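For reference, data-v3.tsv (TSV, C-alpha atoms):
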```tsv
chain	number	residue	atom	x	y	z
A	20	MET	CA	20.27	124.56	-119.76
A	21	ASN	CA	23.72	125.88	-118.94
A	22	ILE	CA	26.53	123.64	-117.62
A	23	ARG	CA	29.43	125.40	-115.90
A	24	CYS	CA	31.98	125.05	-113.11
A	25	GLU	CA	30.76	125.78	-109.61
A	26	THR	CA	31.72	129.03	-107.90
A	27	LEU	CA	31.83	129.98	-104.24
A	28	LEU	CA	28.48	131.73	-104.67
A	29	ASP	CA	26.89	128.41	-105.72
A	30	TYR	CA	27.77	126.47	-102.56
A	31	SER	CA	24.46	126.96	-100.72
A	32	ALA	CA	22.37	126.16	-103.81
A	33	ILE	CA	24.47	123.03	-104.43
A	34	ALA	CA	23.97	121.93	-100.82
A	35	GLU	CA	20.21	122.45	-101.20
A	36	VAL	CA	20.02	120.42	-104.43
A	37	ASN	CA	21.96	117.55	-102.84
A	38	THR	CA	19.91	117.64	-99.62
A	39	LEU	CA	16.63	117.54	-101.55
A	40	ALA	CA	17.79	114.92	-104.06
A	41	PHE	CA	19.16	112.57	-101.40
A	42	GLN	CA	16.60	113.46	-98.71
A	43	GLY	CA	19.30	114.26	-96.17
A	44	GLU	CA	22.50	116.19	-95.59
A	45	THR	CA	25.05	113.38	-95.97
A	46	GLU	CA	26.04	114.22	-99.55
A	47	ALA	CA	26.09	117.98	-98.90
A	48	LYS	CA	28.48	117.39	-95.99
A	49	LEU	CA	30.59	115.06	-98.16
A	50	ILE	CA	30.95	117.84	-100.75
A	51	GLU	CA	32.17	120.25	-98.05
A	52	LYS	CA	34.75	117.69	-96.85
A	53	ILE	CA	35.97	117.04	-100.39
A	54	ARG	CA	36.28	120.76	-101.17
A	55	SER	CA	38.51	121.25	-98.14
A	56	SER	CA	40.73	118.27	-99.04
A	57	ASP	CA	43.65	117.86	-101.44
A	58	ARG	CA	41.44	115.52	-103.50
A	59	TYR	CA	39.12	118.28	-104.76
A	60	ILE	CA	39.15	119.03	-108.51
A	61	PRO	CA	37.49	122.43	-109.10
A	62	GLU	CA	37.17	122.03	-112.87
A	63	LEU	CA	35.22	118.79	-112.32
A	64	SER	CA	32.62	120.24	-109.98
A	65	LEU	CA	29.89	121.32	-112.36
A	66	VAL	CA	26.42	122.76	-112.00
A	67	ALA	CA	23.43	122.68	-114.31
A	68	GLU	CA	21.40	125.88	-114.46
A	69	ILE	CA	17.99	126.56	-115.91
A	70	GLN	CA	17.05	130.24	-116.10
A	71	GLY	CA	19.78	131.06	-113.58
A	72	LYS	CA	18.64	128.46	-111.02
A	73	ILE	CA	20.97	125.62	-110.07
A	74	VAL	CA	19.06	122.39	-110.65
A	75	GLY	CA	21.90	119.86	-110.78
A	76	HIS	CA	25.43	119.23	-109.57
A	77	ILE	CA	28.17	116.69	-110.23
A	78	LEU	CA	31.46	116.32	-108.35
A	79	TYR	CA	34.58	114.29	-109.01
A	80	SER	CA	37.50	113.90	-106.66
A	81	TYR	CA	40.63	111.81	-106.59
A	82	ILE	CA	40.44	108.35	-105.07
A	83	ASP	CA	43.21	105.75	-105.06
A	84	LEU	CA	43.55	102.54	-107.03
A	85	VAL	CA	45.97	100.35	-105.09
A	86	ASN	CA	47.95	97.49	-106.59
A	87	GLU	CA	51.71	97.37	-107.21
A	88	GLU	CA	51.55	101.16	-107.22
A	89	ILE	CA	49.01	103.68	-105.98
A	90	LEU	CA	47.29	105.43	-108.86
A	91	PRO	CA	45.01	108.44	-108.37
A	92	VAL	CA	41.81	108.01	-110.37
A	93	LEU	CA	38.54	109.91	-110.59
A	94	GLY	CA	35.69	109.07	-108.26
A	95	LEU	CA	32.28	110.39	-109.30
A	96	ALA	CA	30.28	111.29	-106.20
A	97	PRO	CA	27.84	112.76	-105.76
A	98	LEU	CA	25.57	113.47	-108.73
A	99	ALA	CA	22.33	115.21	-107.79
A	100	VAL	CA	19.38	116.74	-109.60
A	101	HIS	CA	16.69	118.77	-107.86
A	102	PRO	CA	13.60	116.52	-107.49
A	103	GLU	CA	11.43	118.91	-109.54
A	104	PHE	CA	13.84	118.57	-112.48
A	105	GLN	CA	14.58	114.83	-112.43
A	106	LYS	CA	13.86	112.60	-115.45
A	107	GLN	CA	14.76	115.45	-117.83
A	108	GLU	CA	18.26	114.27	-118.86
A	109	ILE	CA	19.98	116.82	-116.60
A	110	GLY	CA	22.01	114.15	-114.81
A	111	SER	CA	23.02	112.52	-118.10
A	112	THR	CA	24.02	115.90	-119.52
A	113	LEU	CA	26.17	116.62	-116.45
A	114	VAL	CA	27.88	113.23	-116.72
A	115	LYS	CA	28.57	113.59	-120.46
A	116	ALA	CA	29.93	117.14	-120.10
A	117	SER	CA	32.14	116.18	-117.17
A	118	LEU	CA	33.48	113.06	-118.91
A	119	GLU	CA	34.57	115.23	-121.84
A	120	ILE	CA	36.44	117.54	-119.46
A	121	ALA	CA	38.04	114.58	-117.66
A	122	ASP	CA	39.13	113.04	-120.96
A	123	THR	CA	40.62	116.34	-122.14
A	124	ARG	CA	42.50	116.63	-118.84
A	125	GLY	CA	44.11	113.24	-119.51
A	126	ASP	CA	42.38	111.33	-116.74
A	127	ALA	CA	42.27	107.58	-117.38
A	128	ILE	CA	39.21	106.19	-115.63
A	129	VAL	CA	36.17	107.19	-113.62
A	130	ILE	CA	34.79	105.03	-110.82
A	131	VAL	CA	31.25	105.28	-109.47
A	132	LEU	CA	29.00	103.45	-107.05
A	133	GLY	CA	25.56	103.93	-108.55
A	134	HIS	CA	22.51	102.68	-110.38
A	135	PRO	CA	23.48	100.37	-113.27
A	136	ALA	CA	20.42	101.28	-115.37
A	137	PHE	CA	21.52	104.94	-115.39
A	138	TYR	CA	25.30	104.64	-115.63
A	139	SER	CA	25.44	101.78	-118.14
A	140	ARG	CA	23.64	104.06	-120.64
A	141	LEU	CA	26.63	106.39	-120.32
A	142	GLY	CA	29.26	103.73	-121.01
A	143	PHE	CA	30.03	102.57	-117.47
A	144	GLN	CA	30.68	98.85	-116.93
A	145	PRO	CA	31.08	96.73	-113.81
A	146	SER	CA	34.55	97.33	-112.36
A	147	VAL	CA	35.26	93.60	-112.13
A	148	HIS	CA	35.62	93.61	-115.96
A	149	TYR	CA	38.79	95.66	-115.39
A	150	GLN	CA	40.08	93.78	-112.32
A	151	ILE	CA	39.09	96.70	-110.11
A	152	GLU	CA	37.80	95.74	-106.67
A	153	SER	CA	35.20	97.66	-104.73
A	154	PRO	CA	35.91	98.50	-101.09
A	155	PHE	CA	32.18	98.05	-100.37
A	156	PRO	CA	30.14	94.86	-99.99
A	157	VAL	CA	27.89	95.56	-103.00
A	158	ALA	CA	26.80	93.51	-106.00
A	159	ASP	CA	29.22	93.81	-108.92
A	160	GLU	CA	26.79	95.70	-111.15
A	161	PHE	CA	26.66	98.69	-108.76
A	162	PHE	CA	30.40	99.45	-108.69
A	163	MET	CA	31.31	100.67	-112.16
A	164	VAL	CA	34.10	102.06	-114.29
A	165	LYS	CA	34.22	104.26	-117.38
A	166	THR	CA	37.53	104.19	-119.23
A	167	LEU	CA	38.78	107.32	-120.96
A	168	SER	CA	41.32	107.86	-123.75
A	169	SER	CA	44.34	107.65	-121.42
A	170	TYR	CA	43.31	104.27	-119.95
A	171	GLU	CA	46.02	101.60	-119.66
A	172	LYS	CA	45.83	98.05	-118.32
A	173	LYS	CA	47.89	99.10	-115.28
A	174	TYR	CA	44.66	100.53	-113.81
A	175	GLN	CA	43.78	97.51	-111.72
A	176	GLY	CA	43.55	96.80	-108.02
A	177	LYS	CA	41.46	97.78	-105.04
A	178	VAL	CA	39.79	101.16	-104.70
A	179	VAL	CA	40.57	103.12	-101.54
A	180	TYR	CA	38.51	106.20	-100.77
A	181	PRO	CA	40.13	109.12	-98.91
A	182	PRO	CA	39.14	110.16	-95.37
A	183	ALA	CA	36.52	112.65	-96.64
A	184	PHE	CA	34.33	109.64	-97.46
A	185	ASN	CA	34.45	108.18	-93.95
A	186	GLY	CA	30.96	107.90	-92.55
A	187	VAL	CA	29.21	108.19	-95.92
```
Represent the structure contained in this file as structure tokens.
Amino acid sequence: MNIRCETLLDYSAIAEVNTLAFQGETEAKLIEKIRSSDRYIPELSLVAEIQGKIVGHILYSYIDLVNEEILPVLGLAPLAVHPEFQKQEIGSTLVKASLEIADTRGDAIVIVLGHPAFYSRLGFQPSVHYQIESPFPVADEFFMVKTLSSYEKKYQGKVVYPPAFNGV
């Protein structure tokens, strides 16, 4: 398996993986909106390839953590693996590789709304442990945070997603 940054030539394959994985076009459309926004981070949009075929994709973008100041933090969304390749550690490999890049870049935290059984294995914890409030009415265990080397206690407050996420 090869993990690398996405390129323009990958866009249609990424859309297909997301559409199949999520059984609809919502996430593929979200990716398009994020790419055309100022919140897009090209070096944190990665694909997983097997024999030249894109079988997985992960995307991070900037979201805001609002308290006494507004701090840009990483939001992980979406993460998709082609249904034929799920349960083969491709998603975990994408998360681990991307977290290393984010840490090297000096990012402080990653926020995700996702399945606790999956993300807790990768070091994510409920955001309430860090005084970080979800903007969604979900149970605490689904809204999670992973701290990176640059984390400081100032990263507290309410998460605000940018307009690209409207309607998701």
Requested in this report: Skip segment 156-165 of chain A itself and residues of its chain fewer than 3 positions away, then list as a ChimeraX atom specification all residues within 12 Å of it, counting only C-alpha atoms.
Outcome: /A:84,92-95,114-115,118-119,121-122,126-153,168-170,174-175,177-178
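When only C-alpha atoms are used to measure the gap to Ser64 of chain A, the shortest distance among A:Ile89, A:Ala116, A:Met20, A:Leu167 belongs to A:Ala116.
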*May I have the residues within 6 Å of segment 40-48 of chain A as a ChimeraX atom specification, using only C-alpha atoms and disregarding those fewer than 3 positions away in the same chain?*
/A:34,36-37,51,99,101-102
The distance between atom CA of Leu49 of chain A and atom CA of Glu87 of chain A is 29.0 Å
key: Atomic separation - atom CA of Leu90 of chain A relative to atom CA of Leu78 of chain A, Å   =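 Atom-to-atom, atom CA of Leu78 of chain A to atom CA of Leu90 of chain A, that is 19.2 Å.
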Next item on the list: Please indicate the distance in Å from atom CA of Leu65 of chain A to atom CA of Phe104 of chain A, rounded to one decimal place.
Entry: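 Rounded to one decimal, the two atoms are 16.3 Å apart.
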inquiry  = Using all atoms listed in the file, which protein or nucleic acid residues come within 12 Å of Thr26 of chain A? Drop anything in the same chain fewer than 6 positions from it, and give the result as a list in words.
reply    = Ala32, Ile33, Arg54, Pro61, Glu62, Leu63, Ser64, Leu65, Val66, Ile73 and His76 of chain A
Could you please take those selected residues and save C-alpha atoms as a short mmCIF file (atom, residue, chain, number, x, y, z; two decimals), keeping the file's coordinate frame?
```cif
data_model
loop_
_atom_site.label_atom_id
_atom_site.label_comp_id
_atom_site.auth_asym_id
_atom_site.auth_seq_id
_atom_site.Cartn_x
_atom_site.Cartn_y
_atom_site.Cartn_z
CA ALA A 32 22.37 126.16 -103.81
CA ILE A 33 24.47 123.03 -104.43
CA ARG A 54 36.28 120.76 -101.17
CA PRO A 61 37.49 122.43 -109.10
CA GLU A 62 37.17 122.03 -112.87
CA LEU A 63 35.22 118.79 -112.32
CA SER A 64 32.62 120.24 -109.98
CA LEU A 65 29.89 121.32 -112.36
CA VAL A 66 26.42 122.76 -112.00
CA ILE A 73 20.97 125.62 -110.07
CA HIS A 76 25.43 119.23 -109.57
#
```
task = With a distance cut-off of 8 Å and all atoms listed in the file, select the neighbouring residues of Tyr180 of chain A, excluding the residue or stretch itself and same-chain residues fewer than 3 positions from it, and output the selection as a list in words.
result = Ile82, Asp83, Ala183 and Phe184 of chain A
For segment 160-173 of chain A, what centre and edge lengths in Å (one decimal) does the axis-aligned box get once 4 Å is added on each side of all its listed atoms, as AutoDock Vina command-line options?
```
--center_x 37.3 --center_y 101.8 --center_z -116.2 --size_x 29.2 --size_y 20.2 --size_z 23.1
```
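Considering the residues A:Ala96, A:Arg124, A:Ile22, A:Thr166 and counting all atoms listed in the file, Gln70 of chain A has its shortest atom-to-atom contact with A:Ile22.
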